[in-house]
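Have a look at structure_31.txt below; it lists compact mmCIF, C-alpha atoms.
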# COMPACT_ATOMS: atom_id res chain seq x y z
CA MET A 1 31.21 -1.37 39.45
CA VAL A 2 32.15 2.04 38.06
CA ARG A 3 32.50 5.12 40.23
CA VAL A 4 31.05 7.92 38.13
CA ALA A 5 33.03 10.52 40.05
CA GLU A 6 36.20 8.85 38.74
CA THR A 7 35.19 8.79 35.07
CA ALA A 8 35.85 11.64 32.67
CA ALA A 9 33.06 10.84 30.21
CA ALA A 10 29.46 9.81 30.58
CA MET A 11 28.82 6.13 31.17
CA LEU A 12 27.27 4.42 28.16
CA LEU A 13 25.64 1.03 28.56
CA VAL A 14 24.12 -0.97 25.73
CA LEU A 15 21.03 -2.88 26.77
CA GLY A 16 20.12 -5.58 24.29
CA ALA A 17 16.52 -5.68 23.21
CA ALA A 18 15.93 -8.08 20.36
CA ARG A 19 13.87 -5.74 18.14
CA ALA A 20 16.20 -2.76 18.22
CA GLU A 21 19.34 -2.11 20.18
CA LYS A 22 18.61 0.41 22.91
CA GLN A 23 21.29 2.37 24.69
CA LEU A 24 21.14 3.85 28.15
CA LYS A 25 23.42 6.82 28.66
CA ILE A 26 23.95 7.72 32.32
CA MET A 27 25.29 11.25 32.21
CA GLY A 28 28.00 11.41 34.84
CA GLN A 29 26.95 12.99 38.10
CA SER A 30 24.13 15.01 36.56
CA GLY A 31 21.20 12.95 37.84
CA LYS A 32 20.17 12.36 34.21
CA PHE A 33 19.92 9.32 32.00
CA THR A 34 18.78 8.96 28.38
CA LEU A 35 17.34 5.91 26.62
CA TYR A 36 17.70 5.95 22.83
CA GLU A 37 18.13 3.85 19.68
CA ALA A 38 20.09 5.95 17.16
CA THR A 39 21.33 9.08 18.95
CA PRO A 40 20.70 10.62 22.39
CA ASP A 41 18.90 13.50 20.66
CA ASP A 42 16.22 11.03 19.53
CA GLY A 43 15.70 9.48 22.96
CA ILE A 44 13.96 10.24 26.22
CA THR A 45 15.83 11.83 29.11
CA VAL A 46 14.95 11.44 32.78
CA THR A 47 16.25 14.29 34.96
CA MET A 48 16.49 14.32 38.75
CA ASP A 49 17.34 17.79 40.03
CA ALA A 50 17.40 17.76 43.84
CA LEU A 51 16.47 15.65 46.85
CA SER A 52 15.03 16.88 50.16
CA GLU A 53 13.59 15.14 53.20
CA LEU A 54 10.39 16.80 54.44
CA ASP A 55 8.49 16.43 57.70
CA ALA A 56 4.70 15.91 57.92
CA GLU A 57 4.13 19.68 57.58
CA GLY A 58 6.30 19.92 54.46
CA ASN A 59 9.28 21.56 56.18
CA GLU A 60 12.78 20.51 55.12
CA VAL A 61 14.57 18.20 57.59
CA GLY A 62 18.33 18.15 58.08
CA SER A 63 19.09 21.29 56.08
CA GLY A 64 21.46 22.73 58.67
CA GLY A 65 24.38 21.40 60.65
CA ALA A 66 27.14 19.03 59.60
CA VAL A 67 24.91 16.14 58.46
CA LYS A 68 22.65 17.02 55.53
CA HIS A 69 19.49 15.11 54.61
CA SER A 70 19.23 16.70 51.18
CA PHE A 71 21.17 18.03 48.22
CA ASN A 72 20.30 20.75 45.73
CA SER A 73 22.13 19.22 42.78
CA PHE A 74 22.85 15.67 41.73
CA ALA A 75 26.16 17.00 40.36
CA THR A 76 27.52 17.01 43.93
CA GLN A 77 26.83 13.28 44.40
CA SER A 78 29.18 10.40 43.71
CA PHE A 79 27.28 7.63 41.94
CA THR A 80 28.25 3.98 41.63
CA ILE A 81 26.94 2.23 38.50
CA ALA A 82 26.47 -1.53 38.70
CA GLU A 83 27.16 -3.88 35.81
CA LYS A 84 24.23 -4.70 33.53
CA GLU A 85 22.20 -7.75 34.61
CA SER A 86 20.37 -9.62 31.83
CA GLY A 87 17.24 -11.74 32.11
CA VAL A 88 16.07 -10.17 35.38
CA ALA A 89 12.47 -11.03 36.34
CA ILE A 90 10.27 -8.02 36.99
CA GLY A 91 6.65 -9.02 37.55
CA THR A 92 5.94 -11.53 34.78
CA ALA A 93 8.28 -9.74 32.34
CA THR A 94 12.04 -10.00 31.89
CA ALA A 95 14.49 -7.14 31.54
CA ASP A 96 18.06 -5.94 31.41
CA ARG A 97 18.71 -4.00 34.63
CA VAL A 98 21.27 -1.35 35.52
CA ASN A 99 21.27 0.19 39.00
CA PHE A 100 23.07 3.31 40.11
CA THR A 101 23.41 4.38 43.74
CA ALA A 102 24.63 7.33 45.80
CA ASN A 103 24.91 8.03 49.51
CA ILE A 104 22.71 10.77 50.97
CA GLY A 105 24.72 13.01 53.26
CA SER A 106 28.43 12.38 53.48
CA GLU A 107 30.26 9.48 51.82
CA THR A 108 31.75 8.35 55.13
CA ASP A 109 28.69 8.82 57.37
CA PRO A 110 25.57 8.77 55.16
CA VAL A 111 22.04 9.27 56.49
CA GLY A 112 20.69 7.06 53.71
CA LYS A 113 21.17 5.77 50.20
CA LEU A 114 19.51 6.63 46.90
CA LYS A 115 19.22 3.83 44.33
CA VAL A 116 17.83 4.21 40.83
CA GLU A 117 16.87 0.94 39.14
CA THR A 118 16.49 1.06 35.36
CA TYR A 119 14.85 -1.83 33.52
CA LEU A 120 14.81 -2.20 29.75
CA ILE A 121 12.08 -4.75 29.09
CA THR A 122 13.29 -7.70 26.99
CA GLY A 123 10.27 -10.00 27.41
CA ASN A 124 6.59 -8.99 27.47
CA GLY A 125 4.59 -9.29 30.68
CA THR A 126 2.93 -7.42 33.53
CA VAL A 127 4.71 -5.19 36.06
CA GLY A 128 3.38 -3.05 38.87
CA ASN A 129 3.62 -1.28 42.21
CA GLY A 130 1.34 -2.30 45.06
CA ASP A 131 -2.25 -2.55 43.79
CA GLU A 132 -1.46 -1.09 40.35
CA SER A 133 -0.23 -3.17 37.41
CA TRP A 134 0.22 -2.65 33.67
CA GLU A 135 1.39 -4.48 30.57
CA VAL A 136 4.90 -3.92 29.22
CA VAL A 137 6.38 -4.95 25.90
CA GLU A 138 9.90 -5.48 24.68
CA GLY A 139 11.74 -2.15 24.43
CA ASP A 140 9.75 -0.39 27.20
CA LEU A 141 11.71 1.33 29.99
CA LYS A 142 10.71 1.10 33.66
CA TRP A 143 12.62 2.79 36.44
CA ASN A 144 12.30 2.93 40.22
CA ILE A 145 13.73 5.23 42.87
CA VAL A 146 14.55 3.36 46.08
CA PHE A 147 15.56 4.96 49.39

Do you think you could lay out the structure here as structure tokens?
Amino acid sequence: MVRVAETAAAMLLVLGAARAEKQLKIMGQSGKFTLYEATPDDGITVTMDALSELDAEGNEVGSGGAVKHSFNSFATQSFTIAEKESGVAIGTATADRVNFTANIGSETDPVGKLKVETYLITGNGTVGNGDESWEVVEGDLKWNIVF
């Protein structure tokens, strides 16, 4: 495990797809990651800006007091990046997986945990969520946000 808050540079992980080497750059505590082949400028970047818990009427929950249920910037969060796992089954496909997690609220007394799962598909197949499914091919990227 790597604590992003303790690293000076962005975390760079190489995920091995057979056709072309893909790289996943997790950009420190920014809430961003980029998947690319040659340079980050040629890749795709996923950006997560803020996180808020809302009630049924759409009002923010836990915005006041000592324990917060939200944050306005991912830069304030301390992420832990797990080691790459190869050959992970996802649906009928296989993938290289890297997870990164952060506590919601305080580090010592969190109200929850945010986990981002990133999958670089290494073997063709079908993946899905609930009643929806779709085909994936080697080199595709799938990611999930888990609370």

Set the distance at 12 Å and use all atoms listed in the file: which residues neighbour range 134-143 of chain A once local chain neighbours fewer than 6 positions away are removed? I'd like the list as a ChimeraX atom specification. /A:15-24,33-37,43-46,90-100,115-128

Neighbour list for Ile104 in chain A as a count of residues only, cut-off 9 Å, only C-alpha atoms, skip fewer than 3 positions in-chain: 13

Gap from CA of Ala50 in chain A to CA of Ala38 in chain A - Å, one decimal: 29.3 Å

For Thr108 in chain A, the nearest of the candidates A:Ser52, A:Ser78, A:Met27, A:Glu85, counting all atoms listed in the file: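 Nearest candidate to Thr108 in chain A out of A:Ser52, A:Ser78, A:Met27, A:Glu85: A:Ser78.
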
Under the rule that all atoms listed in the file are counted, which of A:Glu53, A:Ser73, A:Ser63, A:Lys84 is the nearest residue to Phe147 in chain A?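 Closest to Phe147 in chain A, using all atoms listed in the file: A:Glu53.
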
Between CA of Val146 in chain A and CA of Thr47 in chain A - distance in Å to one decimal: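 Here the two named atoms are 15.7 Å from each other.
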
As a compact mmCIF listing (two decimals), in the frame of the given file, please: range 32-63 of chain A completed to N, CA and C atoms.
# COMPACT_ATOMS: atom_id res chain seq x y z
N LYS A 32 20.92 12.55 35.45
CA LYS A 32 20.17 12.36 34.21
C LYS A 32 20.58 11.05 33.56
N PHE A 33 19.59 10.42 32.88
CA PHE A 33 19.92 9.32 32.00
C PHE A 33 19.00 9.39 30.79
N THR A 34 19.51 8.92 29.64
CA THR A 34 18.78 8.96 28.38
C THR A 34 18.72 7.57 27.79
N LEU A 35 17.54 7.17 27.34
CA LEU A 35 17.34 5.91 26.62
C LEU A 35 17.10 6.26 25.16
N TYR A 36 17.85 5.62 24.25
CA TYR A 36 17.70 5.95 22.83
C TYR A 36 18.10 4.77 21.96
N GLU A 37 17.73 4.86 20.67
CA GLU A 37 18.13 3.85 19.68
C GLU A 37 19.27 4.36 18.82
N ALA A 38 19.09 5.46 18.11
CA ALA A 38 20.09 5.95 17.16
C ALA A 38 21.04 6.95 17.81
N THR A 39 20.51 8.06 18.31
CA THR A 39 21.33 9.08 18.95
C THR A 39 20.62 9.58 20.21
N PRO A 40 21.35 10.09 21.19
CA PRO A 40 20.70 10.62 22.39
C PRO A 40 19.67 11.71 22.10
N ASP A 41 19.86 12.45 21.00
CA ASP A 41 18.90 13.50 20.66
C ASP A 41 17.53 12.94 20.30
N ASP A 42 17.48 11.67 19.91
CA ASP A 42 16.22 11.03 19.53
C ASP A 42 15.60 10.23 20.66
N GLY A 43 16.16 10.31 21.85
CA GLY A 43 15.70 9.48 22.96
C GLY A 43 14.87 10.25 23.96
N ILE A 44 14.65 9.59 25.10
CA ILE A 44 13.96 10.24 26.22
C ILE A 44 14.98 10.41 27.34
N THR A 45 14.91 11.55 28.02
CA THR A 45 15.83 11.83 29.11
C THR A 45 15.05 11.99 30.40
N VAL A 46 15.51 11.31 31.43
CA VAL A 46 14.95 11.44 32.78
C VAL A 46 15.93 12.31 33.57
N THR A 47 15.41 13.36 34.21
CA THR A 47 16.25 14.29 34.96
C THR A 47 15.80 14.34 36.42
N MET A 48 16.74 14.16 37.32
CA MET A 48 16.49 14.32 38.75
C MET A 48 17.31 15.52 39.19
N ASP A 49 16.66 16.54 39.72
CA ASP A 49 17.34 17.79 40.03
C ASP A 49 17.87 17.87 41.45
N ALA A 50 17.03 17.58 42.44
CA ALA A 50 17.40 17.76 43.84
C ALA A 50 16.67 16.73 44.68
N LEU A 51 17.11 16.59 45.93
CA LEU A 51 16.47 15.65 46.85
C LEU A 51 16.40 16.30 48.22
N SER A 52 15.21 16.30 48.83
CA SER A 52 15.03 16.88 50.16
C SER A 52 14.14 15.96 50.99
N GLU A 53 14.46 15.85 52.26
CA GLU A 53 13.59 15.14 53.20
C GLU A 53 12.68 16.18 53.84
N LEU A 54 11.38 15.89 53.87
CA LEU A 54 10.39 16.80 54.44
C LEU A 54 9.68 16.14 55.61
N ASP A 55 9.29 16.96 56.60
CA ASP A 55 8.49 16.43 57.70
C ASP A 55 7.02 16.43 57.30
N ALA A 56 6.14 16.03 58.22
CA ALA A 56 4.70 15.91 57.92
C ALA A 56 4.08 17.24 57.50
N GLU A 57 4.66 18.36 57.93
CA GLU A 57 4.13 19.68 57.58
C GLU A 57 4.75 20.22 56.29
N GLY A 58 5.67 19.48 55.70
CA GLY A 58 6.30 19.92 54.46
C GLY A 58 7.55 20.75 54.65
N ASN A 59 8.06 20.81 55.89
CA ASN A 59 9.28 21.56 56.18
C ASN A 59 10.50 20.67 55.94
N GLU A 60 11.56 21.27 55.40
CA GLU A 60 12.78 20.51 55.12
C GLU A 60 13.44 20.06 56.42
N VAL A 61 13.89 18.79 56.43
CA VAL A 61 14.57 18.20 57.59
C VAL A 61 16.05 18.09 57.27
N GLY A 62 16.90 18.35 58.26
CA GLY A 62 18.33 18.15 58.08
C GLY A 62 18.98 19.10 57.10
N SER A 63 18.49 20.33 57.03
CA SER A 63 19.09 21.29 56.08
C SER A 63 20.25 22.06 56.69
